[in-house]
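Text of the file input_16.txt, holding compact mmCIF, N, CA and C atoms:
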# COMPACT_ATOMS: atom_id res chain seq x y z
N MET A 1 -0.63 14.97 2.27
CA MET A 1 0.32 13.92 2.19
C MET A 1 0.05 12.88 3.25
N LEU A 2 0.40 11.69 2.97
CA LEU A 2 0.16 10.59 3.89
C LEU A 2 1.38 10.40 4.78
N HIS A 3 1.22 10.66 6.06
CA HIS A 3 2.29 10.46 7.03
C HIS A 3 2.01 9.18 7.78
N LEU A 4 3.02 8.34 7.95
CA LEU A 4 2.84 7.05 8.62
C LEU A 4 2.34 7.22 10.04
N LYS A 5 2.81 8.20 10.77
CA LYS A 5 2.44 8.34 12.17
C LYS A 5 1.07 8.98 12.34
N LEU A 6 0.54 9.65 11.34
CA LEU A 6 -0.70 10.40 11.50
C LEU A 6 -1.94 9.68 11.00
N VAL A 7 -1.79 8.83 10.03
CA VAL A 7 -2.96 8.21 9.41
C VAL A 7 -2.83 6.70 9.47
N THR A 8 -3.86 6.03 9.96
CA THR A 8 -3.92 4.58 9.92
C THR A 8 -4.75 4.21 8.70
N LEU A 9 -4.26 3.30 7.91
CA LEU A 9 -4.95 2.90 6.69
C LEU A 9 -5.47 1.49 6.81
N VAL A 10 -6.52 1.21 6.07
CA VAL A 10 -7.02 -0.15 6.00
C VAL A 10 -7.06 -0.59 4.55
N LEU A 11 -6.92 -1.87 4.34
CA LEU A 11 -6.96 -2.46 3.01
C LEU A 11 -8.23 -3.26 2.86
N VAL A 12 -8.59 -3.52 1.61
CA VAL A 12 -9.71 -4.42 1.39
C VAL A 12 -9.32 -5.80 1.88
N ARG A 13 -10.29 -6.66 2.13
CA ARG A 13 -9.98 -8.01 2.60
C ARG A 13 -9.06 -8.71 1.61
N VAL A 14 -8.15 -9.49 2.15
CA VAL A 14 -7.19 -10.20 1.30
C VAL A 14 -7.91 -11.08 0.30
N ALA A 15 -8.95 -11.78 0.71
CA ALA A 15 -9.70 -12.64 -0.21
C ALA A 15 -10.30 -11.82 -1.34
N THR A 16 -10.78 -10.62 -1.03
CA THR A 16 -11.37 -9.78 -2.06
C THR A 16 -10.32 -9.34 -3.06
N CYS A 17 -9.14 -8.97 -2.57
CA CYS A 17 -8.13 -8.48 -3.50
C CYS A 17 -7.66 -9.59 -4.43
N LEU A 18 -7.75 -10.82 -3.99
CA LEU A 18 -7.35 -11.92 -4.86
C LEU A 18 -8.44 -12.31 -5.85
N SER A 19 -9.71 -12.13 -5.46
CA SER A 19 -10.79 -12.60 -6.32
C SER A 19 -11.40 -11.52 -7.21
N LEU A 20 -11.23 -10.25 -6.85
CA LEU A 20 -11.83 -9.18 -7.63
C LEU A 20 -10.80 -8.12 -8.04
N PRO A 21 -9.79 -8.49 -8.80
CA PRO A 21 -8.80 -7.50 -9.17
C PRO A 21 -9.41 -6.40 -10.04
N ARG A 22 -9.03 -5.16 -9.78
CA ARG A 22 -9.55 -4.03 -10.54
C ARG A 22 -8.59 -3.63 -11.64
N GLN A 23 -7.35 -4.01 -11.49
CA GLN A 23 -6.33 -3.67 -12.46
C GLN A 23 -5.38 -4.85 -12.56
N TYR A 24 -4.27 -4.63 -13.24
CA TYR A 24 -3.27 -5.67 -13.40
C TYR A 24 -2.82 -6.20 -12.04
N VAL A 25 -2.73 -7.51 -11.93
CA VAL A 25 -2.23 -8.15 -10.71
C VAL A 25 -0.94 -8.87 -11.08
N ARG A 26 0.14 -8.48 -10.44
CA ARG A 26 1.43 -9.12 -10.68
C ARG A 26 1.36 -10.60 -10.30
N PRO A 27 2.14 -11.47 -10.94
CA PRO A 27 2.16 -12.88 -10.55
C PRO A 27 2.57 -13.02 -9.08
N ASN A 28 1.93 -13.94 -8.37
CA ASN A 28 2.21 -14.23 -6.95
C ASN A 28 1.98 -13.04 -6.02
N ALA A 29 1.18 -12.07 -6.45
CA ALA A 29 0.98 -10.87 -5.63
C ALA A 29 -0.45 -10.75 -5.14
N CYS A 30 -0.59 -10.03 -4.05
CA CYS A 30 -1.90 -9.63 -3.55
C CYS A 30 -2.02 -8.14 -3.84
N CYS A 31 -3.11 -7.73 -4.47
CA CYS A 31 -3.29 -6.33 -4.85
C CYS A 31 -4.52 -5.75 -4.17
N PHE A 32 -4.51 -4.45 -3.93
CA PHE A 32 -5.55 -3.83 -3.11
C PHE A 32 -5.55 -2.32 -3.28
N THR A 33 -6.62 -1.70 -2.80
CA THR A 33 -6.67 -0.25 -2.63
C THR A 33 -6.54 0.02 -1.14
N LEU A 34 -6.23 1.25 -0.78
CA LEU A 34 -6.08 1.65 0.62
C LEU A 34 -7.23 2.56 1.01
N HIS A 35 -7.61 2.50 2.28
CA HIS A 35 -8.69 3.35 2.79
C HIS A 35 -8.30 3.89 4.16
N ASP A 36 -8.64 5.16 4.42
CA ASP A 36 -8.42 5.75 5.74
C ASP A 36 -9.38 5.09 6.72
N SER A 37 -8.87 4.58 7.83
CA SER A 37 -9.73 3.83 8.75
C SER A 37 -10.71 4.72 9.50
N SER A 38 -10.40 6.01 9.68
CA SER A 38 -11.31 6.87 10.44
C SER A 38 -12.45 7.41 9.59
N THR A 39 -12.22 7.60 8.29
CA THR A 39 -13.26 8.18 7.42
C THR A 39 -13.72 7.22 6.33
N ASP A 40 -13.01 6.13 6.13
CA ASP A 40 -13.23 5.16 5.06
C ASP A 40 -13.05 5.78 3.67
N GLU A 41 -12.39 6.94 3.59
CA GLU A 41 -12.09 7.54 2.30
C GLU A 41 -10.98 6.76 1.62
N THR A 42 -11.06 6.68 0.31
CA THR A 42 -10.04 5.98 -0.46
C THR A 42 -8.77 6.81 -0.53
N VAL A 43 -7.64 6.16 -0.37
CA VAL A 43 -6.35 6.83 -0.51
C VAL A 43 -6.07 7.00 -1.99
N ARG A 44 -5.64 8.19 -2.34
CA ARG A 44 -5.35 8.52 -3.73
C ARG A 44 -3.87 8.83 -3.87
N GLN A 45 -3.38 8.69 -5.10
CA GLN A 45 -1.96 8.90 -5.35
C GLN A 45 -1.75 10.00 -6.37
N GLN A 46 -0.91 10.95 -6.01
CA GLN A 46 -0.54 12.01 -6.93
C GLN A 46 0.49 11.42 -7.89
N THR A 47 0.15 11.37 -9.17
CA THR A 47 0.97 10.61 -10.13
C THR A 47 2.32 11.26 -10.43
N ARG A 48 2.42 12.57 -10.37
CA ARG A 48 3.67 13.23 -10.74
C ARG A 48 4.78 13.02 -9.70
N HIS A 49 4.43 13.14 -8.42
CA HIS A 49 5.42 13.02 -7.36
C HIS A 49 5.28 11.75 -6.54
N GLY A 50 4.24 10.96 -6.79
CA GLY A 50 4.07 9.68 -6.12
C GLY A 50 3.61 9.74 -4.68
N LEU A 51 3.19 10.91 -4.20
CA LEU A 51 2.73 11.03 -2.82
C LEU A 51 1.31 10.49 -2.68
N LEU A 52 1.00 9.93 -1.51
CA LEU A 52 -0.33 9.40 -1.24
C LEU A 52 -1.13 10.40 -0.43
N TYR A 53 -2.43 10.55 -0.77
CA TYR A 53 -3.32 11.49 -0.11
C TYR A 53 -4.62 10.82 0.25
N VAL A 54 -5.30 11.35 1.27
CA VAL A 54 -6.65 10.92 1.60
C VAL A 54 -7.58 11.98 1.03
N GLY A 55 -8.56 11.56 0.23
CA GLY A 55 -9.49 12.51 -0.38
C GLY A 55 -8.88 13.18 -1.60
N GLY A 56 -9.60 14.18 -2.10
CA GLY A 56 -9.13 14.92 -3.26
C GLY A 56 -9.52 14.27 -4.56
N SER A 57 -8.94 14.77 -5.64
CA SER A 57 -9.34 14.32 -6.97
C SER A 57 -8.25 13.52 -7.68
N GLN A 58 -7.20 13.15 -6.98
CA GLN A 58 -6.14 12.34 -7.58
C GLN A 58 -6.68 10.94 -7.88
N PRO A 59 -6.00 10.18 -8.75
CA PRO A 59 -6.45 8.80 -9.04
C PRO A 59 -6.38 7.91 -7.80
N THR A 60 -7.29 6.95 -7.74
CA THR A 60 -7.30 5.98 -6.65
C THR A 60 -6.03 5.14 -6.73
N GLY A 61 -5.40 4.93 -5.59
CA GLY A 61 -4.18 4.12 -5.55
C GLY A 61 -4.50 2.64 -5.69
N TRP A 62 -3.64 1.91 -6.36
CA TRP A 62 -3.75 0.45 -6.54
C TRP A 62 -2.37 -0.11 -6.28
N TYR A 63 -2.25 -1.03 -5.34
CA TYR A 63 -0.95 -1.48 -4.85
C TYR A 63 -0.88 -3.00 -4.81
N CYS A 64 0.32 -3.53 -5.01
CA CYS A 64 0.53 -4.97 -4.98
C CYS A 64 1.80 -5.29 -4.18
N ILE A 65 1.74 -6.39 -3.43
CA ILE A 65 2.92 -6.93 -2.75
C ILE A 65 3.09 -8.36 -3.22
N ASP A 66 4.29 -8.68 -3.71
CA ASP A 66 4.63 -10.06 -4.05
C ASP A 66 5.21 -10.69 -2.80
N LEU A 67 4.41 -11.51 -2.14
CA LEU A 67 4.82 -12.11 -0.88
C LEU A 67 5.70 -13.34 -1.05
N SER A 68 5.87 -13.82 -2.30
CA SER A 68 6.67 -15.02 -2.51
C SER A 68 8.14 -14.72 -2.79
N GLY A 69 8.46 -13.49 -3.15
CA GLY A 69 9.84 -13.14 -3.47
C GLY A 69 10.68 -12.90 -2.24
N ALA A 70 11.99 -12.94 -2.42
CA ALA A 70 12.91 -12.70 -1.30
C ALA A 70 12.83 -11.25 -0.83
N LYS A 71 12.72 -10.32 -1.76
CA LYS A 71 12.61 -8.91 -1.41
C LYS A 71 11.14 -8.51 -1.55
N LYS A 72 10.54 -8.11 -0.46
CA LYS A 72 9.12 -7.76 -0.44
C LYS A 72 8.97 -6.28 -0.79
N VAL A 73 8.44 -6.01 -1.97
CA VAL A 73 8.31 -4.64 -2.48
C VAL A 73 6.83 -4.32 -2.65
N LEU A 74 6.43 -3.11 -2.26
CA LEU A 74 5.09 -2.61 -2.52
C LEU A 74 5.14 -1.83 -3.82
N TRP A 75 4.37 -2.28 -4.82
CA TRP A 75 4.35 -1.64 -6.14
C TRP A 75 3.04 -0.90 -6.33
N ASP A 76 3.08 0.23 -7.06
CA ASP A 76 1.84 0.92 -7.40
C ASP A 76 1.40 0.51 -8.80
N ALA A 77 0.28 1.07 -9.27
CA ALA A 77 -0.27 0.71 -10.58
C ALA A 77 0.59 1.19 -11.74
N PHE A 78 1.54 2.07 -11.47
CA PHE A 78 2.39 2.62 -12.53
C PHE A 78 3.76 1.93 -12.54
N ASN A 79 3.86 0.78 -11.86
CA ASN A 79 5.09 -0.01 -11.77
C ASN A 79 6.21 0.72 -11.03
N ASN A 80 5.82 1.56 -10.07
CA ASN A 80 6.79 2.24 -9.21
C ASN A 80 6.86 1.52 -7.87
N ALA A 81 8.05 1.40 -7.35
CA ALA A 81 8.23 0.82 -6.01
C ALA A 81 7.93 1.90 -4.97
N CYS A 82 7.22 1.53 -3.92
CA CYS A 82 6.89 2.48 -2.86
C CYS A 82 7.97 2.43 -1.78
N PHE A 83 8.14 3.54 -1.09
CA PHE A 83 9.12 3.62 -0.01
C PHE A 83 8.66 4.65 1.01
N VAL A 84 9.28 4.60 2.17
CA VAL A 84 9.02 5.58 3.22
C VAL A 84 10.20 6.54 3.21
N ASN A 85 9.92 7.84 2.96
CA ASN A 85 11.01 8.81 2.91
C ASN A 85 11.41 9.28 4.31
N PRO A 86 12.47 10.07 4.44
CA PRO A 86 12.92 10.51 5.78
C PRO A 86 11.86 11.30 6.56
N ASP A 87 10.89 11.91 5.87
CA ASP A 87 9.81 12.64 6.55
C ASP A 87 8.67 11.71 6.94
N LYS A 88 8.87 10.39 6.81
CA LYS A 88 7.87 9.37 7.15
C LYS A 88 6.64 9.45 6.24
N GLU A 89 6.84 9.87 4.99
CA GLU A 89 5.77 9.89 4.00
C GLU A 89 5.95 8.69 3.08
N VAL A 90 4.84 8.09 2.68
CA VAL A 90 4.89 6.99 1.72
C VAL A 90 4.88 7.61 0.33
N ARG A 91 5.85 7.20 -0.50
CA ARG A 91 5.92 7.67 -1.89
C ARG A 91 6.12 6.47 -2.79
N CYS A 92 5.56 6.56 -3.98
CA CYS A 92 5.74 5.53 -5.01
C CYS A 92 6.21 6.29 -6.24
N LEU A 93 7.52 6.32 -6.46
CA LEU A 93 8.06 7.28 -7.41
C LEU A 93 8.81 6.70 -8.59
N ASP A 94 9.58 5.66 -8.42
CA ASP A 94 10.30 5.10 -9.56
C ASP A 94 10.41 3.58 -9.42
N PRO A 95 10.79 2.90 -10.51
CA PRO A 95 10.76 1.43 -10.49
C PRO A 95 11.91 0.77 -9.74
N ILE A 96 12.82 1.53 -9.17
CA ILE A 96 13.93 0.93 -8.43
C ILE A 96 13.51 0.74 -6.98
N PRO A 97 13.43 -0.50 -6.50
CA PRO A 97 13.01 -0.74 -5.12
C PRO A 97 13.97 -0.12 -4.11
N SER A 98 13.42 0.37 -3.02
CA SER A 98 14.23 0.91 -1.93
C SER A 98 14.65 -0.23 -1.02
N GLY A 99 15.22 0.09 0.09
CA GLY A 99 15.59 -0.93 1.07
C GLY A 99 14.45 -1.32 1.98
N ASP A 100 13.26 -0.69 1.81
CA ASP A 100 12.11 -1.01 2.64
C ASP A 100 11.59 -2.41 2.32
N SER A 101 11.19 -3.12 3.35
CA SER A 101 10.63 -4.46 3.19
C SER A 101 9.17 -4.43 3.65
N TRP A 102 8.26 -4.73 2.73
CA TRP A 102 6.82 -4.70 2.99
C TRP A 102 6.32 -6.12 3.19
N GLY A 103 5.28 -6.28 3.95
CA GLY A 103 4.71 -7.61 4.17
C GLY A 103 3.32 -7.53 4.75
N MET A 104 2.76 -8.70 5.07
CA MET A 104 1.44 -8.80 5.68
C MET A 104 1.56 -9.78 6.84
N LYS A 105 0.89 -9.47 7.94
CA LYS A 105 0.99 -10.29 9.14
C LYS A 105 -0.36 -10.36 9.84
N GLN A 106 -0.71 -11.56 10.31
CA GLN A 106 -1.95 -11.76 11.07
C GLN A 106 -1.76 -11.26 12.49
N SER A 107 -2.74 -10.51 13.00
CA SER A 107 -2.73 -10.02 14.38
C SER A 107 -4.15 -10.09 14.92
N GLY A 108 -4.46 -11.17 15.64
CA GLY A 108 -5.83 -11.37 16.11
C GLY A 108 -6.77 -11.56 14.93
N ASP A 109 -7.82 -10.74 14.88
CA ASP A 109 -8.77 -10.81 13.77
C ASP A 109 -8.34 -9.96 12.58
N ASP A 110 -7.28 -9.21 12.72
CA ASP A 110 -6.84 -8.30 11.67
C ASP A 110 -5.64 -8.86 10.91
N VAL A 111 -5.50 -8.41 9.68
CA VAL A 111 -4.29 -8.64 8.90
C VAL A 111 -3.64 -7.28 8.76
N LEU A 112 -2.37 -7.20 9.09
CA LEU A 112 -1.66 -5.93 9.06
C LEU A 112 -0.63 -5.92 7.94
N VAL A 113 -0.52 -4.80 7.26
CA VAL A 113 0.57 -4.60 6.32
C VAL A 113 1.70 -3.98 7.12
N THR A 114 2.89 -4.47 6.91
CA THR A 114 4.05 -3.98 7.65
C THR A 114 5.06 -3.36 6.70
N VAL A 115 5.85 -2.46 7.24
CA VAL A 115 7.00 -1.92 6.51
C VAL A 115 8.17 -1.94 7.47
N ASN A 116 9.23 -2.62 7.05
CA ASN A 116 10.44 -2.77 7.87
C ASN A 116 10.13 -3.35 9.24
N GLY A 117 9.18 -4.28 9.28
CA GLY A 117 8.83 -4.97 10.52
C GLY A 117 7.84 -4.26 11.40
N ALA A 118 7.53 -3.00 11.13
CA ALA A 118 6.58 -2.24 11.94
C ALA A 118 5.19 -2.27 11.31
N HIS A 119 4.16 -2.50 12.10
CA HIS A 119 2.79 -2.52 11.59
C HIS A 119 2.34 -1.08 11.37
N PHE A 120 1.72 -0.83 10.24
CA PHE A 120 1.16 0.49 10.08
C PHE A 120 -0.13 0.53 9.29
N ILE A 121 -0.54 -0.56 8.69
CA ILE A 121 -1.80 -0.58 7.95
C ILE A 121 -2.55 -1.85 8.33
N SER A 122 -3.82 -1.72 8.67
CA SER A 122 -4.60 -2.92 8.98
C SER A 122 -5.54 -3.24 7.84
N VAL A 123 -5.80 -4.51 7.65
CA VAL A 123 -6.68 -5.01 6.60
C VAL A 123 -8.01 -5.37 7.22
N ARG A 124 -9.10 -4.95 6.61
CA ARG A 124 -10.43 -5.36 7.07
C ARG A 124 -10.96 -6.46 6.20
Just give me the structure of the file as structure tokens.
Amino acid sequence: MLHLKLVTLVLVRVATCLSLPRQYVRPNACCFTLHDSSTDETVRQQTRHGLLYVGGSQPTGWYCIDLSGAKKVLWDAFNNACFVNPDKEVRCLDPIPSGDSWGMKQSGDDVLVTVNGAHFISVR
């Protein structure tokens, strides 16, 4: 399982996600896959329970953030809204958005994905 405090993730470059979409891209959204920064392994998503994993045989995760809307939601490829549960695990389970607010922020040479104002994923 993907724990926010244990694993730092990286995203593909923002320009790449806009120019080379691999799947459906929501209007006004930036879409990307996630990668573990220490191993460069692709983050995968268990489709039944929506948990994110590093490695294994689950499908590769595909995520989009609509940065133009008032409510910033991270969506998966199955049209589920992602959220951080009380155990600090990222899950993408159903289409009803949680109270989590996702975004992207420039920090030096890096672009960071944020959740509820806290940085937890860097973009390469």
So the first atom is atom CA of A:Asp76 and the second is atom C of A:Gln106; what is the distance between them in Å, to one decimal place?
23.6 Å
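Of the listed residues (A:Asn116, A:Ser101, A:Asn79, A:Asn85), A:Asn79 comes nearest to A:Tyr24; the distances count only C-alpha atoms.
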Calculate how many Å separate atom N of A:Ala118 from atom CA of A:Asp40, rounding to one decimal.
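Computing it gives 23.1 Å between the two atoms.
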Can you find the residues with an atom no farther than 8 Å from (0.2, 8.5, -7.9), counting only N, CA and C atoms, and report them as a PyMOL selection string?
chain A and resi 44-53+58-62+76-78+92-93
Just checking: using only C-alpha atoms, which residue out of A:Ile65, A:Ala29, A:Ile96, A:Val54 ends up closest to A:Val113?
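For A:Val113, the nearest of the candidates is A:Ile65.
Considering the residues A:Ala81, A:Thr42, A:Val90, A:Gly99 and counting only C-alpha atoms, A:Cys64 has its shortest atom-to-atom contact with A:Ala81.
The space separating atom CA of A:Thr33 from atom CA of A:Pro86 comes to 23.9 Å.
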If DSSP is run on the backbone, what residues of stretch 9-98 of chain A are helix (DSSP H, G or I)? A reply as a ChimeraX atom specification would be ideal.
/A:14-19
Residue subset to file, keeping N, CA and C atoms, as an mmCIF file, in the frame of the given file:
data_model
loop_
_atom_site.group_PDB
_atom_site.id
_atom_site.type_symbol
_atom_site.label_atom_id
_atom_site.label_comp_id
_atom_site.auth_asym_id
_atom_site.auth_seq_id
_atom_site.Cartn_x
_atom_site.Cartn_y
_atom_site.Cartn_z
ATOM 1 N N VAL A 14 -8.150 -9.490 2.150
ATOM 2 C CA VAL A 14 -7.190 -10.200 1.300
ATOM 3 C C VAL A 14 -7.910 -11.080 0.300
ATOM 4 N N ALA A 15 -8.950 -11.780 0.710
ATOM 5 C CA ALA A 15 -9.700 -12.640 -0.210
ATOM 6 C C ALA A 15 -10.300 -11.820 -1.340
ATOM 7 N N THR A 16 -10.780 -10.620 -1.030
ATOM 8 C CA THR A 16 -11.370 -9.780 -2.060
ATOM 9 C C THR A 16 -10.320 -9.340 -3.060
ATOM 10 N N CYS A 17 -9.140 -8.970 -2.570
ATOM 11 C CA CYS A 17 -8.130 -8.480 -3.500
ATOM 12 C C CYS A 17 -7.660 -9.590 -4.430
ATOM 13 N N LEU A 18 -7.750 -10.820 -3.990
ATOM 14 C CA LEU A 18 -7.350 -11.920 -4.860
ATOM 15 C C LEU A 18 -8.440 -12.310 -5.850
ATOM 16 N N SER A 19 -9.710 -12.130 -5.460
ATOM 17 C CA SER A 19 -10.790 -12.600 -6.320
ATOM 18 C C SER A 19 -11.400 -11.520 -7.210
#
Protein/DNA/RNA residues near (3.8, -3.9, -2.3), cut 7 Å, only C-alpha atoms, as a ChimeraX atom specification:
/A:63-66,72-75,102
Between A:Gly56, A:Val84, A:Pro97, A:Lys71, single out the one closest to A:Val115, counting only C-alpha atoms.
A:Val84
